[in-house]
Every structure is written in C-alpha cells, then in structure tokens.
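Asker: First the structure, which I've put down as structure tokens, then a few questions once you've had a look.
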Amino acid sequence: MSHETYPSPDDHSPQTLERLCNALDAAFAQSADAADPSQRAAFALSVRTALAEAAADPALLAPAQREGSVESYRRHLLAADPHGRYAIAALVWMPGQVSPVHAHRTWCGYAVLDGAMSETVYEWNESRQRASETRSHPRASGAVSFVRAGHGGIHRLGNTGDAAAVSLHIYGVEGAQIGTHVNDLLEVADHAQPVVEPAVA
C-alpha cells in the first residue's frame with residue numbers, strides 16, 4: 001500500500017516511517033472484523049509496539065521536522081493513511097510549552113523521542129462537567145502511551161526541561177483533521193496539588 005508521506009528534503013530515515021505505517025496497516029488488518037479496532041487490546045499493543053520501535057531510531061526525523069515555534073508547540077505531519085484511518089505527526093515542544101487539558105475524539109498514541117516531557121492526568125466529573133487533576137509524572141525519552149476516544153484518557157502534556165522536546169504521535173483520523181478532530185478541550189476544576197510520580201520510561 002502506498003502511504004502519503006511528507007518528507008523534508010533531507011529526510012533521514014524514511015524506511016522507519018514506512019515500517020511504522022506497515023505495522024499500523026497490519027494492526028488494522030488483524031482487527032478487520034471489529035467495528036472499532038481501538039477497543040481491542042491487541043490493537044492497542046500493536047500501536048504501542050510500533051511507536052516504540054519507530055522512536056528507537058534516532059534518525060527517524062530530519063532536522064526540519066525538529067523545528068519548533070516560539071508561539072506554541074508545533075506539529076509536523078509525517079504520513080497519512082490513504083484510507084483516512086490514521087495520521088502520524090512529530091510534535092516539537094520548546095521549554096515551558098504545554099498542551100491544553102484535553103480528552104480525545106479519537107484513539108491516539110504517542111512516544112517521547114527527545115527531551116523531558118511531563119504528563120498530568122485528569123479524571124472526569126460528570127455532574128460538574130469538569131476535569132480534575134489526579135497525578136503528574138515525568139515522561140522520559142522512550143515513554144509510550146495509547147488512549148482510546150472519550151473521557152477515560154484526559155491529560156495535558158508539556159515540556160518541563162530547558163531544551164526542546166520532541167514526541168511522535170499517531171491519531172486515528174485523516175491527515176487534514178489532526179488539528180480539528182483529535183483534541184476535545186475541557187474545563188478544569190479547582191483541585192489540590194496532584195500526586196507526582198517518578199519518571200516512567
């Protein structure tokens with residue numbers, strides 16, 4: 001299958017990106033009889049494994065795909081499934097940049113490639129229609145996560161280090177929709193200081 005990729009002129013490791021796409025295609029094929037493949041544990045494991053393998057290649061991204069922005073974290077679209085089942089992007093975070101608190105409108109997974117990230121996790125209070133902090137933990141290089149759509153995976157990601165950080169993300173939408181159909185921004189309730197956990201790799 002031909003995947004729509006978006007290489008920079010000095011793309012370093014297109015083979016790794018192609019292997020990642022092929023692994024995702026295989027995960028969908030294995031769950032072809034499921035109405036929502038992301039609900040299957042085997043699918044989630046396949047996505048996590050594929051992310052970890054891709055993240056282990058230091059030449060995955062070209063220098064242009066590691067460029068950040070002083071205004072906000074920056075997305076670089078790397079590849080898109082021709083059937084609209086997923087899109088792959090690199091996110092570059094300058095020091096102090098964080099995402100808004102959000103749930104997800106689709107399944108997604110990420111791996112930390114470089115730098116010091118922090119993830120704050122929230123739980124949803126249905127009666128108050130607010131999200132409350134529950135814990136926060138560092139996300140070191142190599143950390144991998146997968147969440148399904150809905151309010152079960154509310155979080156905020158950010159760069160807590162003093163250098164740029166880079167993460168690799170897969171979203172269960174077509175490439176043109178990653179800026180509009182992934183994050184479900186939520187109101188946050190006042191809450192006590194969250195529990196801080198040790199680094200998880």
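In the structure tokens, each chain is lettered A, B, ... as it comes, each chain's residues begin at 1, and ligands are numbered from 1 in order of appearance.
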Using backbone DSSP assignments, extract all strand (DSSP E or B) residues from segment 88-177 of chain A; output them as a ChimeraX atom specification.

Answerer: /A:88-93,98,102-104,108-114,117-125,130-139,144-147,150-159,165-171

Asker: With 12 Å as the cut-off and only C-alpha atoms counted, what is the closest atom pair between each nearby residue of segment 114-159 of chain A and segment 67-78 of chain A? Distances in Å to one decimal, ordered by chain and number, as CSV.

Answerer:
```
residue,atom,partner,partner_atom,distance
A:Leu157,CA,A:Tyr73,CA,10.4
A:Gly158,CA,A:Tyr73,CA,8.9
A:Asn159,CA,A:Tyr73,CA,9.3
```

Asker: Next, write the just-selected residues to a file, as an mmCIF file, in the first residue's frame, keeping C-alpha atoms as the atom set.

Answerer:
```cif
data_model
loop_
_atom_site.group_PDB
_atom_site.id
_atom_site.type_symbol
_atom_site.label_atom_id
_atom_site.label_comp_id
_atom_site.auth_asym_id
_atom_site.auth_seq_id
_atom_site.Cartn_x
_atom_site.Cartn_y
_atom_site.Cartn_z
ATOM 1 C CA LEU A 157 1.451 17.213 28.001
ATOM 2 C CA GLY A 158 4.257 19.700 28.330
ATOM 3 C CA ASN A 159 7.975 20.306 28.166
#
```

Asker: Nearest residue to Glu53 of chain A out of A:Leu17, A:Val188, A:Val98, A:Ala89, using only C-alpha atoms?

Answerer: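 Closest to Glu53 of chain A, using only C-alpha atoms: A:Leu17.
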
Asker: Counting only C-alpha atoms, which residues of segment 99-187 of chain A fall within 8 Å of segment 41-52 of chain A, and what is the closest atom pair for each with its distance in Å at one decimal, ordered by chain and rising number, as a tab-separated table?

Answerer:
```
residue	atom	partner	partner_atom	distance
A:Gly109	CA	A:Arg48	CA	7.0
A:Tyr110	CA	A:Leu51	CA	7.0
A:Ala111	CA	A:Leu51	CA	6.1
A:Gly142	CA	A:Ala52	CA	6.8
A:Ala143	CA	A:Ala52	CA	7.9
A:Val144	CA	A:Arg48	CA	6.4
A:Ser145	CA	A:Arg48	CA	6.7
A:Phe146	CA	A:Arg48	CA	6.5
A:Leu168	CA	A:Leu51	CA	7.7
```

Asker: Please provide the set of residues having any atom within 12 Å of Arg156 of chain A, restricted to only C-alpha atoms, with same-chain residues fewer than 5 positions apart removed, written as a PyMOL selection string.

Answerer: chain A and resi 97-104+117-123+131-139+183-186+188

Asker: Take the residues that were just selected and, keeping N, CA and C atoms, output them as a PDB file, in the first residue's frame.

Answerer:
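After the write, selection.pdb holds the following:
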```
ATOM      1  N   GLN A  97       6.422  24.983  27.021  1.00  0.00           N
ATOM      2  CA  GLN A  97       5.202  24.845  26.229  1.00  0.00           C
ATOM      3  C   GLN A  97       4.398  23.631  26.676  1.00  0.00           C
ATOM      4  N   VAL A  98       3.083  23.801  26.782  1.00  0.00           N
ATOM      5  CA  VAL A  98       2.196  22.725  27.225  1.00  0.00           C
ATOM      6  C   VAL A  98       0.956  22.696  26.338  1.00  0.00           C
ATOM      7  N   SER A  99       0.325  21.538  26.281  1.00  0.00           N
ATOM      8  CA  SER A  99      -0.948  21.430  25.582  1.00  0.00           C
ATOM      9  C   SER A  99      -2.058  21.909  26.507  1.00  0.00           C
ATOM     10  N   PRO A 100      -3.220  22.228  25.971  1.00  0.00           N
ATOM     11  CA  PRO A 100      -4.379  22.437  26.839  1.00  0.00           C
ATOM     12  C   PRO A 100      -4.815  21.106  27.438  1.00  0.00           C
ATOM     13  N   VAL A 101      -5.574  21.150  28.510  1.00  0.00           N
ATOM     14  CA  VAL A 101      -6.153  19.931  29.073  1.00  0.00           C
ATOM     15  C   VAL A 101      -7.199  19.415  28.087  1.00  0.00           C
ATOM     16  N   HIS A 102      -7.089  18.138  27.740  1.00  0.00           N
ATOM     17  CA  HIS A 102      -7.984  17.629  26.711  1.00  0.00           C
ATOM     18  C   HIS A 102      -8.245  16.136  26.854  1.00  0.00           C
ATOM     19  N   ALA A 103      -9.431  15.743  26.413  1.00  0.00           N
ATOM     20  CA  ALA A 103      -9.743  14.343  26.149  1.00  0.00           C
ATOM     21  C   ALA A 103      -9.521  14.145  24.649  1.00  0.00           C
ATOM     22  N   HIS A 104     -10.001  13.025  24.117  1.00  0.00           N
ATOM     23  CA  HIS A 104      -9.724  12.725  22.721  1.00  0.00           C
ATOM     24  C   HIS A 104     -10.995  12.312  21.983  1.00  0.00           C
ATOM     25  N   MET A 117       9.606  15.504  29.034  1.00  0.00           N
ATOM     26  CA  MET A 117       8.187  15.817  28.989  1.00  0.00           C
ATOM     27  C   MET A 117       7.547  15.530  30.354  1.00  0.00           C
ATOM     28  N   SER A 118       6.402  16.139  30.576  1.00  0.00           N
ATOM     29  CA  SER A 118       5.611  15.869  31.774  1.00  0.00           C
ATOM     30  C   SER A 118       4.166  15.652  31.344  1.00  0.00           C
ATOM     31  N   GLU A 119       3.516  14.676  31.961  1.00  0.00           N
ATOM     32  CA  GLU A 119       2.113  14.404  31.664  1.00  0.00           C
ATOM     33  C   GLU A 119       1.301  14.523  32.946  1.00  0.00           C
ATOM     34  N   THR A 120       0.275  15.344  32.916  1.00  0.00           N
ATOM     35  CA  THR A 120      -0.669  15.461  34.022  1.00  0.00           C
ATOM     36  C   THR A 120      -1.959  14.772  33.615  1.00  0.00           C
ATOM     37  N   VAL A 121      -2.437  13.876  34.465  1.00  0.00           N
ATOM     38  CA  VAL A 121      -3.619  13.066  34.163  1.00  0.00           C
ATOM     39  C   VAL A 121      -4.806  13.598  34.956  1.00  0.00           C
ATOM     40  N   TYR A 122      -5.984  13.554  34.342  1.00  0.00           N
ATOM     41  CA  TYR A 122      -7.199  14.087  34.943  1.00  0.00           C
ATOM     42  C   TYR A 122      -8.300  13.028  34.924  1.00  0.00           C
ATOM     43  N   GLU A 123      -9.254  13.192  35.830  1.00  0.00           N
ATOM     44  CA  GLU A 123     -10.457  12.367  35.794  1.00  0.00           C
ATOM     45  C   GLU A 123     -11.654  13.270  35.529  1.00  0.00           C
ATOM     46  N   ALA A 131     -12.936  18.558  34.565  1.00  0.00           N
ATOM     47  CA  ALA A 131     -11.851  17.601  34.760  1.00  0.00           C
ATOM     48  C   ALA A 131     -11.041  18.001  35.979  1.00  0.00           C
ATOM     49  N   SER A 132     -10.634  17.012  36.783  1.00  0.00           N
ATOM     50  CA  SER A 132      -9.849  17.274  37.996  1.00  0.00           C
ATOM     51  C   SER A 132      -8.515  16.542  37.923  1.00  0.00           C
ATOM     52  N   GLU A 133      -7.455  17.219  38.320  1.00  0.00           N
ATOM     53  CA  GLU A 133      -6.122  16.608  38.324  1.00  0.00           C
ATOM     54  C   GLU A 133      -6.077  15.436  39.300  1.00  0.00           C
ATOM     55  N   THR A 134      -5.405  14.373  38.856  1.00  0.00           N
ATOM     56  CA  THR A 134      -5.213  13.223  39.739  1.00  0.00           C
ATOM     57  C   THR A 134      -3.741  12.937  40.008  1.00  0.00           C
ATOM     58  N   ARG A 135      -2.911  13.070  39.000  1.00  0.00           N
ATOM     59  CA  ARG A 135      -1.487  12.807  39.206  1.00  0.00           C
ATOM     60  C   ARG A 135      -0.687  13.413  38.058  1.00  0.00           C
ATOM     61  N   SER A 136       0.606  13.540  38.302  1.00  0.00           N
ATOM     62  CA  SER A 136       1.511  14.048  37.288  1.00  0.00           C
ATOM     63  C   SER A 136       2.782  13.225  37.321  1.00  0.00           C
ATOM     64  N   HIS A 137       3.326  12.917  36.163  1.00  0.00           N
ATOM     65  CA  HIS A 137       4.564  12.147  36.133  1.00  0.00           C
ATOM     66  C   HIS A 137       5.439  12.572  34.961  1.00  0.00           C
ATOM     67  N   PRO A 138       6.764  12.492  35.151  1.00  0.00           N
ATOM     68  CA  PRO A 138       7.679  12.771  34.040  1.00  0.00           C
ATOM     69  C   PRO A 138       7.540  11.697  32.974  1.00  0.00           C
ATOM     70  N   ARG A 139       7.767  12.090  31.733  1.00  0.00           N
ATOM     71  CA  ARG A 139       7.753  11.147  30.620  1.00  0.00           C
ATOM     72  C   ARG A 139       9.100  11.263  29.919  1.00  0.00           C
ATOM     73  N   ASN A 183      -8.218  16.607  19.616  1.00  0.00           N
ATOM     74  CA  ASN A 183      -8.339  17.076  20.990  1.00  0.00           C
ATOM     75  C   ASN A 183      -9.741  17.583  21.310  1.00  0.00           C
ATOM     76  N   ASP A 184     -10.254  17.165  22.467  1.00  0.00           N
ATOM     77  CA  ASP A 184     -11.533  17.633  22.992  1.00  0.00           C
ATOM     78  C   ASP A 184     -11.209  18.465  24.228  1.00  0.00           C
ATOM     79  N   LEU A 185     -11.148  19.780  24.070  1.00  0.00           N
ATOM     80  CA  LEU A 185     -10.717  20.657  25.154  1.00  0.00           C
ATOM     81  C   LEU A 185     -11.771  20.707  26.251  1.00  0.00           C
ATOM     82  N   LEU A 186     -11.302  20.673  27.510  1.00  0.00           N
ATOM     83  CA  LEU A 186     -12.204  20.558  28.652  1.00  0.00           C
ATOM     84  C   LEU A 186     -11.944  21.643  29.685  1.00  0.00           C
ATOM     85  N   VAL A 188     -11.456  22.788  33.547  1.00  0.00           N
ATOM     86  CA  VAL A 188     -10.756  22.142  34.658  1.00  0.00           C
ATOM     87  C   VAL A 188     -11.268  22.685  35.981  1.00  0.00           C
TER      88      VAL A 188
END
```

Asker: As a ChimeraX atom specification, please: all residues of segment 30-121 of chain A that backbone DSSP puts in alpha helix (DSSP H).

Answerer: /A:30,41-55

Asker: Kindly export the residues of the current selection with C-alpha atoms, as a tab-separated table (two decimals), in the first residue's frame.

Answerer:
```tsv
chain	number	residue	atom	x	y	z
A	30	GLN	CA	-5.83	-8.12	12.36
A	41	ALA	CA	-6.21	-4.89	23.47
A	42	ALA	CA	-4.23	-6.47	20.64
A	43	PHE	CA	-4.66	-3.33	18.52
A	44	ALA	CA	-3.50	-1.08	21.36
A	45	LEU	CA	-0.47	-3.31	21.95
A	46	SER	CA	0.42	-3.26	18.25
A	47	VAL	CA	0.27	0.54	18.15
A	48	ARG	CA	2.41	0.86	21.29
A	49	THR	CA	4.96	-1.61	19.93
A	50	ALA	CA	5.13	0.13	16.56
A	51	LEU	CA	5.61	3.51	18.27
A	52	ALA	CA	8.39	2.17	20.49
A	53	GLU	CA	10.24	0.67	17.54
A	54	ALA	CA	9.99	3.86	15.49
A	55	ALA	CA	11.04	6.02	18.44
```

Asker: Quick one: residues within 10 Å of Ile88 of chain A, only C-alpha atoms counted, chain neighbours fewer than 2 positions away excluded, as number ranges by chain?

Answerer: A: 5-6, 17, 20-21, 75-81, 86, 90-91, 108-110, 168-175, 178

Asker: Grab the atom CA of Gly161 of chain A to atom CA of Arg148 of chain A distance for me, in Å with one decimal place.

Answerer: 27.8 Å
